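One structure is given below, encoded as structure tokens.
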Amino acid sequence: MSLKINKPLVSVDWLYNHLNDDNIVVLDCTIPKVTSNTLIIEEKTQIKGAVFFDIKNSFSDKNAALPNTVLSPEEFEIKAQELGINKDTVLVCYDDLGIYSSPRVWWMFQLMGFKNIVVLNGGFPEWKLKGFPIEIPKIHQQKNGNFKVNYKPEKLKYTKDVLISIENKKVLIVDARSNGRFLGTAPEPRKDLKSGHIPNAISLPFEEVLLNGKMKTESDLVKVFSSLKDKNEIIFTCGSGITAAILALGAAILNIKNVAVYDGSWTEWGSTDNLPIAL
């Protein structure tokens, strides 16, 4: 009987106990942090048997004007099949920073209507801390999977959707960037971007849901997300769609529904003429 998953987050102990299950696929979803200038010289290692999920080069639209633009459903289906992902696969996403880019991959699969996916709490640092098996990255041969997309367009928002939502009191726009970037007192990491935030948005830096690279406990998350109550819809935004997914993951842990991500986020809003900006 194939393993099924009914929660968005698992521990490294859970993965260790299930690492050799037939339908488990572990995805290394690591990308460099956009605000980091650290030169990494340590040799790359990964969880034993992991498959690299290339957010930047394979699972983003290379023809789009904006970074990290999600693929079309048709393209996503083909790329996921090429990684050996099947309809009954349990996907475990992790990254080298604890929890940073892995929720983006979790969210992309939610958008594509795939539920059998979790984020590894604490990611690779927690895995190594426990002394669980690692390896130098290698190509693991696999045949194409039978993964199928069941696209959920309501989980993806565009600039026109956000613009309409600004005056809708039943829609809450939540910005995952730092408070300084939200207020325009700290510079944007990308050149030529205006400072500030989308009018009527609230600031909820993604670090607020994390503690030492792991997701906070459910009781702590309830306090963090207290301002999200009684809304028909929540739109998470950030710099380029990566850290907004961390907040979306936190919301999912609390079973908060009607959540979407503004894929273009501030990179699109702050570089588009004639859009309102608040400071």
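In the structure tokens, each chain is lettered A, B, ... as it comes, each chain's residues begin at 1, and ligands are numbered from 1 in order of appearance.
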
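Look at Asn258 (chain A): the protein and nucleic acid residues within 9 Å of it, using only C-alpha atoms and passing over chain neighbours fewer than 2 places away, are A:Glu154, A:Lys155, A:Lys231, A:Asn232, A:Glu233, A:Ile234, A:Ile235, A:Ile256, A:Ala260.
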
Would you mind listing, for every residue of region 115-193 of chain A within 7 Å of region 70-77 of chain A, the two atoms forming the shortest contact and the distance between them in Å to one decimal, using only C-alpha atoms, sorted by chain and ascending residue number, as JSON lines?
{"residue": "A:Phe147", "atom": "CA", "partner": "A:Glu77", "partner_atom": "CA", "distance": 6.5}
{"residue": "A:Lys148", "atom": "CA", "partner": "A:Glu77", "partner_atom": "CA", "distance": 6.0}
{"residue": "A:Val149", "atom": "CA", "partner": "A:Glu77", "partner_atom": "CA", "distance": 5.8}
{"residue": "A:Tyr151", "atom": "CA", "partner": "A:Pro73", "partner_atom": "CA", "distance": 6.6}

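The space between CA of Asp13 (chain A) and CA of Asp28 (chain A) spans 17.1 Å.
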
Could you pull the residues within 10 Å of Ile242 (chain A), counting only C-alpha atoms, minus those fewer than 2 positions along the same chain, as an mmCIF file with all heavy atoms, in the first residue's frame?
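Written file, result_39.cif:
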data_model
loop_
_atom_site.group_PDB
_atom_site.id
_atom_site.type_symbol
_atom_site.label_atom_id
_atom_site.label_comp_id
_atom_site.auth_asym_id
_atom_site.auth_seq_id
_atom_site.Cartn_x
_atom_site.Cartn_y
_atom_site.Cartn_z
ATOM 1 N N ILE A 31 18.098 27.080 -3.310
ATOM 2 C CA ILE A 31 18.539 28.192 -4.152
ATOM 3 C C ILE A 31 19.305 29.157 -3.263
ATOM 4 O O ILE A 31 19.129 29.164 -2.040
ATOM 5 C CB ILE A 31 17.375 28.939 -4.838
ATOM 6 C CG1 ILE A 31 16.438 29.587 -3.796
ATOM 7 C CG2 ILE A 31 16.590 28.036 -5.764
ATOM 8 C CD1 ILE A 31 15.412 30.529 -4.391
ATOM 9 N N LYS A 33 20.083 32.500 -1.294
ATOM 10 C CA LYS A 33 19.222 33.517 -0.695
ATOM 11 C C LYS A 33 19.482 34.857 -1.376
ATOM 12 O O LYS A 33 20.627 35.272 -1.516
ATOM 13 C CB LYS A 33 19.491 33.618 0.809
ATOM 14 C CG LYS A 33 18.407 34.307 1.602
ATOM 15 C CD LYS A 33 18.661 34.143 3.091
ATOM 16 C CE LYS A 33 17.542 34.766 3.909
ATOM 17 N NZ LYS A 33 17.754 34.591 5.367
ATOM 18 N N VAL A 34 18.410 35.533 -1.803
ATOM 19 C CA VAL A 34 18.572 36.732 -2.625
ATOM 20 C C VAL A 34 19.295 37.861 -1.896
ATOM 21 O O VAL A 34 19.980 38.675 -2.500
ATOM 22 C CB VAL A 34 17.194 37.215 -3.150
ATOM 23 C CG1 VAL A 34 16.348 37.808 -2.034
ATOM 24 C CG2 VAL A 34 17.369 38.226 -4.272
ATOM 25 N N PRO A 67 11.819 37.128 -12.317
ATOM 26 C CA PRO A 67 12.439 35.913 -11.780
ATOM 27 C C PRO A 67 11.403 34.979 -11.152
ATOM 28 O O PRO A 67 10.380 35.426 -10.642
ATOM 29 C CB PRO A 67 13.405 36.450 -10.716
ATOM 30 C CG PRO A 67 12.809 37.759 -10.295
ATOM 31 C CD PRO A 67 12.168 38.329 -11.525
ATOM 32 N N ASN A 68 11.677 33.683 -11.209
ATOM 33 C CA ASN A 68 10.877 32.666 -10.507
ATOM 34 C C ASN A 68 9.427 32.574 -10.973
ATOM 35 O O ASN A 68 8.558 32.124 -10.225
ATOM 36 C CB ASN A 68 10.895 32.915 -8.988
ATOM 37 C CG ASN A 68 12.296 33.113 -8.450
ATOM 38 O OD1 ASN A 68 13.227 32.436 -8.872
ATOM 39 N ND2 ASN A 68 12.459 34.050 -7.533
ATOM 40 N N TYR A 100 13.563 27.752 3.551
ATOM 41 C CA TYR A 100 13.671 28.976 2.747
ATOM 42 C C TYR A 100 12.975 28.780 1.392
ATOM 43 O O TYR A 100 11.873 29.275 1.186
ATOM 44 C CB TYR A 100 15.128 29.397 2.560
ATOM 45 C CG TYR A 100 15.274 30.657 1.735
ATOM 46 C CD1 TYR A 100 14.791 31.872 2.215
ATOM 47 C CD2 TYR A 100 15.863 30.629 0.477
ATOM 48 C CE1 TYR A 100 14.889 33.041 1.449
ATOM 49 C CE2 TYR A 100 15.977 31.790 -0.288
ATOM 50 C CZ TYR A 100 15.493 32.984 0.204
ATOM 51 O OH TYR A 100 15.589 34.129 -0.561
ATOM 52 N N SER A 101 13.601 28.024 0.497
ATOM 53 C CA SER A 101 13.026 27.843 -0.837
ATOM 54 C C SER A 101 12.150 26.601 -0.963
ATOM 55 O O SER A 101 11.365 26.494 -1.916
ATOM 56 C CB SER A 101 14.136 27.807 -1.892
ATOM 57 O OG SER A 101 15.160 26.891 -1.530
ATOM 58 N N SER A 102 12.272 25.656 -0.029
ATOM 59 C CA SER A 102 11.460 24.440 -0.123
ATOM 60 C C SER A 102 9.948 24.708 -0.096
ATOM 61 O O SER A 102 9.207 24.047 -0.830
ATOM 62 C CB SER A 102 11.856 23.446 0.965
ATOM 63 O OG SER A 102 11.924 24.054 2.234
ATOM 64 N N PRO A 103 9.444 25.675 0.700
ATOM 65 C CA PRO A 103 8.001 25.935 0.640
ATOM 66 C C PRO A 103 7.527 26.431 -0.726
ATOM 67 O O PRO A 103 6.371 26.223 -1.094
ATOM 68 C CB PRO A 103 7.793 27.006 1.721
ATOM 69 C CG PRO A 103 8.892 26.761 2.696
ATOM 70 C CD PRO A 103 10.067 26.389 1.832
ATOM 71 N N ARG A 104 8.416 27.081 -1.488
ATOM 72 C CA ARG A 104 8.047 27.511 -2.840
ATOM 73 C C ARG A 104 7.699 26.294 -3.699
ATOM 74 O O ARG A 104 6.713 26.315 -4.454
ATOM 75 C CB ARG A 104 9.202 28.298 -3.466
ATOM 76 C CG ARG A 104 9.056 28.581 -4.959
ATOM 77 C CD ARG A 104 7.975 29.598 -5.265
ATOM 78 N NE ARG A 104 7.856 29.833 -6.710
ATOM 79 C CZ ARG A 104 7.097 30.760 -7.258
ATOM 80 N NH1 ARG A 104 6.378 31.564 -6.499
ATOM 81 N NH2 ARG A 104 7.044 30.907 -8.569
ATOM 82 N N VAL A 105 8.485 25.238 -3.572
ATOM 83 C CA VAL A 105 8.220 24.024 -4.340
ATOM 84 C C VAL A 105 6.930 23.361 -3.840
ATOM 85 O O VAL A 105 6.094 22.928 -4.640
ATOM 86 C CB VAL A 105 9.420 23.059 -4.252
ATOM 87 C CG1 VAL A 105 9.119 21.742 -4.961
ATOM 88 C CG2 VAL A 105 10.666 23.726 -4.840
ATOM 89 N N TRP A 107 4.428 24.900 -2.586
ATOM 90 C CA TRP A 107 3.321 25.713 -3.087
ATOM 91 C C TRP A 107 3.077 25.473 -4.578
ATOM 92 O O TRP A 107 1.928 25.379 -5.025
ATOM 93 C CB TRP A 107 3.593 27.208 -2.847
ATOM 94 C CG TRP A 107 2.552 28.064 -3.519
ATOM 95 C CD1 TRP A 107 1.283 28.312 -3.083
ATOM 96 C CD2 TRP A 107 2.668 28.726 -4.778
ATOM 97 N NE1 TRP A 107 0.612 29.090 -3.996
ATOM 98 C CE2 TRP A 107 1.441 29.359 -5.035
ATOM 99 C CE3 TRP A 107 3.701 28.846 -5.707
ATOM 100 C CZ2 TRP A 107 1.218 30.101 -6.194
ATOM 101 C CZ3 TRP A 107 3.481 29.586 -6.856
ATOM 102 C CH2 TRP A 107 2.251 30.205 -7.092
ATOM 103 N N ALA A 176 5.678 39.397 2.961
ATOM 104 C CA ALA A 176 6.641 38.586 3.710
ATOM 105 C C ALA A 176 8.042 39.195 3.764
ATOM 106 O O ALA A 176 8.926 38.632 4.412
ATOM 107 C CB ALA A 176 6.724 37.191 3.099
ATOM 108 N N THR A 237 2.538 37.975 -0.547
ATOM 109 C CA THR A 237 3.474 38.563 -1.496
ATOM 110 C C THR A 237 4.827 38.723 -0.814
ATOM 111 O O THR A 237 4.925 38.645 0.412
ATOM 112 C CB THR A 237 2.941 39.922 -2.019
ATOM 113 O OG1 THR A 237 3.865 40.477 -2.952
ATOM 114 C CG2 THR A 237 2.743 40.911 -0.875
ATOM 115 N N CYS A 238 5.876 38.901 -1.613
ATOM 116 C CA CYS A 238 7.217 39.076 -1.043
ATOM 117 C C CYS A 238 8.068 39.808 -2.069
ATOM 118 O O CYS A 238 7.604 40.760 -2.686
ATOM 119 C CB CYS A 238 7.824 37.728 -0.646
ATOM 120 S SG CYS A 238 7.938 36.541 -2.004
ATOM 121 N N GLY A 239 9.312 39.382 -2.277
ATOM 122 C CA GLY A 239 10.160 40.014 -3.276
ATOM 123 C C GLY A 239 9.945 39.435 -4.657
ATOM 124 O O GLY A 239 9.740 40.170 -5.634
ATOM 125 N N SER A 240 9.980 38.093 -4.744
ATOM 126 C CA SER A 240 9.813 37.457 -6.055
ATOM 127 C C SER A 240 9.086 36.117 -5.969
ATOM 128 O O SER A 240 9.274 35.252 -6.808
ATOM 129 C CB SER A 240 11.180 37.248 -6.712
ATOM 130 O OG SER A 240 11.978 36.365 -5.939
ATOM 131 N N ALA A 244 7.027 34.356 0.189
ATOM 132 C CA ALA A 244 5.567 34.362 0.369
ATOM 133 C C ALA A 244 5.072 32.944 0.606
ATOM 134 O O ALA A 244 4.115 32.724 1.360
ATOM 135 C CB ALA A 244 4.890 34.965 -0.870
ATOM 136 N N ALA A 245 5.734 31.972 -0.024
ATOM 137 C CA ALA A 245 5.327 30.574 0.133
ATOM 138 C C ALA A 245 5.601 30.052 1.536
ATOM 139 O O ALA A 245 4.944 29.110 1.993
ATOM 140 C CB ALA A 245 6.028 29.703 -0.910
ATOM 141 N N ILE A 246 6.567 30.645 2.243
ATOM 142 C CA ILE A 246 6.811 30.254 3.640
ATOM 143 C C ILE A 246 5.592 30.607 4.488
ATOM 144 O O ILE A 246 5.151 29.812 5.329
ATOM 145 C CB ILE A 246 8.077 30.934 4.197
ATOM 146 C CG1 ILE A 246 9.303 30.524 3.374
ATOM 147 C CG2 ILE A 246 8.278 30.595 5.672
ATOM 148 C CD1 ILE A 246 10.589 31.243 3.786
ATOM 149 N N LEU A 247 5.035 31.791 4.256
ATOM 150 C CA LEU A 247 3.821 32.182 4.977
ATOM 151 C C LEU A 247 2.641 31.298 4.564
ATOM 152 O O LEU A 247 1.811 30.934 5.405
ATOM 153 C CB LEU A 247 3.492 33.655 4.719
ATOM 154 C CG LEU A 247 4.514 34.684 5.208
ATOM 155 C CD1 LEU A 247 3.960 36.100 5.033
ATOM 156 C CD2 LEU A 247 4.906 34.448 6.669
ATOM 157 N N VAL A 261 -0.817 33.155 -3.700
ATOM 158 C CA VAL A 261 0.477 33.828 -3.769
ATOM 159 C C VAL A 261 0.495 34.727 -4.999
ATOM 160 O O VAL A 261 0.085 34.308 -6.092
ATOM 161 C CB VAL A 261 1.641 32.808 -3.834
ATOM 162 C CG1 VAL A 261 2.962 33.503 -4.191
ATOM 163 C CG2 VAL A 261 1.779 32.076 -2.507
ATOM 164 N N ASP A 263 2.544 35.919 -7.645
ATOM 165 C CA ASP A 263 3.786 35.356 -8.168
ATOM 166 C C ASP A 263 4.806 36.435 -8.529
ATOM 167 O O ASP A 263 5.992 36.289 -8.268
ATOM 168 C CB ASP A 263 3.486 34.478 -9.390
ATOM 169 C CG ASP A 263 4.559 33.437 -9.644
ATOM 170 O OD1 ASP A 263 5.060 32.870 -8.661
ATOM 171 O OD2 ASP A 263 4.882 33.181 -10.811
ATOM 172 N N SER A 265 4.993 39.433 -7.231
ATOM 173 C CA SER A 265 5.338 40.084 -5.960
ATOM 174 C C SER A 265 5.939 41.472 -6.164
ATOM 175 O O SER A 265 5.623 42.152 -7.146
ATOM 176 C CB SER A 265 6.245 39.171 -5.139
ATOM 177 O OG SER A 265 5.481 38.140 -4.520
#

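The space between CA of Trp266 (chain A) and CA of Phe53 (chain A) spans 24.3 Å.
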
Spatial neighbours of region 117-121 of chain A, max dist 6 Å, only C-alpha atoms, sep filter under 3 positions, as a PyMOL selection string: chain A and resi 8-11+90-94+214

Could those selected residues go to a file with C-alpha atoms, as an mmCIF file, in the first residue's frame?
data_model
loop_
_atom_site.group_PDB
_atom_site.id
_atom_site.type_symbol
_atom_site.label_atom_id
_atom_site.label_comp_id
_atom_site.auth_asym_id
_atom_site.auth_seq_id
_atom_site.Cartn_x
_atom_site.Cartn_y
_atom_site.Cartn_z
ATOM 1 C CA PRO A 8 2.285 19.902 5.097
ATOM 2 C CA LEU A 9 5.295 19.482 7.412
ATOM 3 C CA VAL A 10 7.322 16.488 8.631
ATOM 4 C CA SER A 11 10.316 16.040 10.912
ATOM 5 C CA VAL A 90 5.132 11.274 -1.627
ATOM 6 C CA LEU A 91 7.332 14.310 -2.205
ATOM 7 C CA VAL A 92 9.536 15.612 0.615
ATOM 8 C CA CYS A 93 10.983 19.082 -0.070
ATOM 9 C CA TYR A 94 13.988 20.477 1.728
ATOM 10 C CA LYS A 214 12.416 25.453 11.674
#

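Here CA of Asn17 (chain A) and CA of Asn146 (chain A) stand 25.5 Å from one another.
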
Closest of A:Cys29, A:Leu210, A:Ile5, A:Met215 to Phe114 (chain A) - atom-to-atom distances counting only C-alpha atoms: A:Ile5

Strand (DSSP E or B) positions in region 73-263 of chain A, given as an MDAnalysis selection string: chainID A and resid 90:95 98 117:120 134:135 156:157 171:175 197 202:203 210:211 214:215 233:237 259:262

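Using only C-alpha atoms for every distance, the candidate list A:Phe206, A:Trp106, A:Phe132, A:Tyr158 yields A:Phe206 as the residue closest to Arg177 (chain A).
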
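Compared by their closest atoms to Leu211 (chain A), and using only C-alpha atoms, the residues A:Leu156, A:Trp269, A:Gly98, A:Asn274 rank with A:Gly98 nearest.
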
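If you count only C-alpha atoms and ignore residues fewer than 6 places along the chain from Leu183 (chain A), what sits within 7 Å of it is Gly196, His197 and Leu279 of chain A.
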
For Ser203 (chain A), list every protein, DNA or RNA residue within 8 Å, evaluated using only C-alpha atoms, and leave out those in the same chain fewer than 2 positions away; present the list as a PDB file with N, CA, C and O atoms, in the first residue's frame.
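Everything below was put into around_21.pdb:
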ATOM      1  N   VAL A 174      -0.691  40.256   2.426  1.00  0.00           N
ATOM      2  CA  VAL A 174       0.311  40.071   3.479  1.00  0.00           C
ATOM      3  C   VAL A 174       1.697  40.012   2.841  1.00  0.00           C
ATOM      4  O   VAL A 174       1.961  39.155   1.998  1.00  0.00           O
ATOM      5  N   ASP A 175       2.583  40.909   3.261  1.00  0.00           N
ATOM      6  CA  ASP A 175       3.920  41.061   2.675  1.00  0.00           C
ATOM      7  C   ASP A 175       4.958  40.358   3.550  1.00  0.00           C
ATOM      8  O   ASP A 175       5.129  40.691   4.728  1.00  0.00           O
ATOM      9  N   ALA A 176       5.678  39.397   2.961  1.00  0.00           N
ATOM     10  CA  ALA A 176       6.641  38.586   3.710  1.00  0.00           C
ATOM     11  C   ALA A 176       8.042  39.195   3.764  1.00  0.00           C
ATOM     12  O   ALA A 176       8.926  38.632   4.412  1.00  0.00           O
ATOM     13  N   ARG A 177       8.263  40.327   3.108  1.00  0.00           N
ATOM     14  CA  ARG A 177       9.590  40.950   3.145  1.00  0.00           C
ATOM     15  C   ARG A 177       9.869  41.516   4.543  1.00  0.00           C
ATOM     16  O   ARG A 177       8.979  41.609   5.382  1.00  0.00           O
ATOM     17  N   SER A 178      11.101  41.949   4.748  1.00  0.00           N
ATOM     18  CA  SER A 178      11.453  42.567   6.032  1.00  0.00           C
ATOM     19  C   SER A 178      10.646  43.837   6.241  1.00  0.00           C
ATOM     20  O   SER A 178      10.187  44.480   5.289  1.00  0.00           O
ATOM     21  N   ASN A 179      10.480  44.227   7.505  1.00  0.00           N
ATOM     22  CA  ASN A 179       9.732  45.435   7.822  1.00  0.00           C
ATOM     23  C   ASN A 179      10.390  46.670   7.213  1.00  0.00           C
ATOM     24  O   ASN A 179       9.703  47.594   6.761  1.00  0.00           O
ATOM     25  N   PHE A 182       9.445  46.797   3.609  1.00  0.00           N
ATOM     26  CA  PHE A 182       8.019  47.135   3.557  1.00  0.00           C
ATOM     27  C   PHE A 182       7.810  48.641   3.722  1.00  0.00           C
ATOM     28  O   PHE A 182       7.018  49.256   3.002  1.00  0.00           O
ATOM     29  N   ALA A 201      -1.699  46.665   2.378  1.00  0.00           N
ATOM     30  CA  ALA A 201      -1.062  45.409   2.768  1.00  0.00           C
ATOM     31  C   ALA A 201      -0.581  45.515   4.208  1.00  0.00           C
ATOM     32  O   ALA A 201      -0.371  46.618   4.734  1.00  0.00           O
ATOM     33  N   PRO A 205       6.942  39.714   8.184  1.00  0.00           N
ATOM     34  CA  PRO A 205       8.197  39.135   7.681  1.00  0.00           C
ATOM     35  C   PRO A 205       8.221  37.622   7.875  1.00  0.00           C
ATOM     36  O   PRO A 205       7.807  37.115   8.921  1.00  0.00           O
TER      37      PRO A 205
END

Who sits within 8 Å of Leu97 (chain A), only C-alpha atoms, same chain under 5 positions skipped, as a PyMOL selection string: chain A and resi 30+123-125+213

Residue set, region 119-256 of chain A restricted to alpha helix (DSSP H), as a ChimeraX atom specification: /A:123-129,159-165,179-183,218-224,244-253

Option closest in space to Asp95 (chain A), from A:Trp127, A:Trp14, A:Phe225, A:Phe236 [counting only C-alpha atoms]: A:Trp127
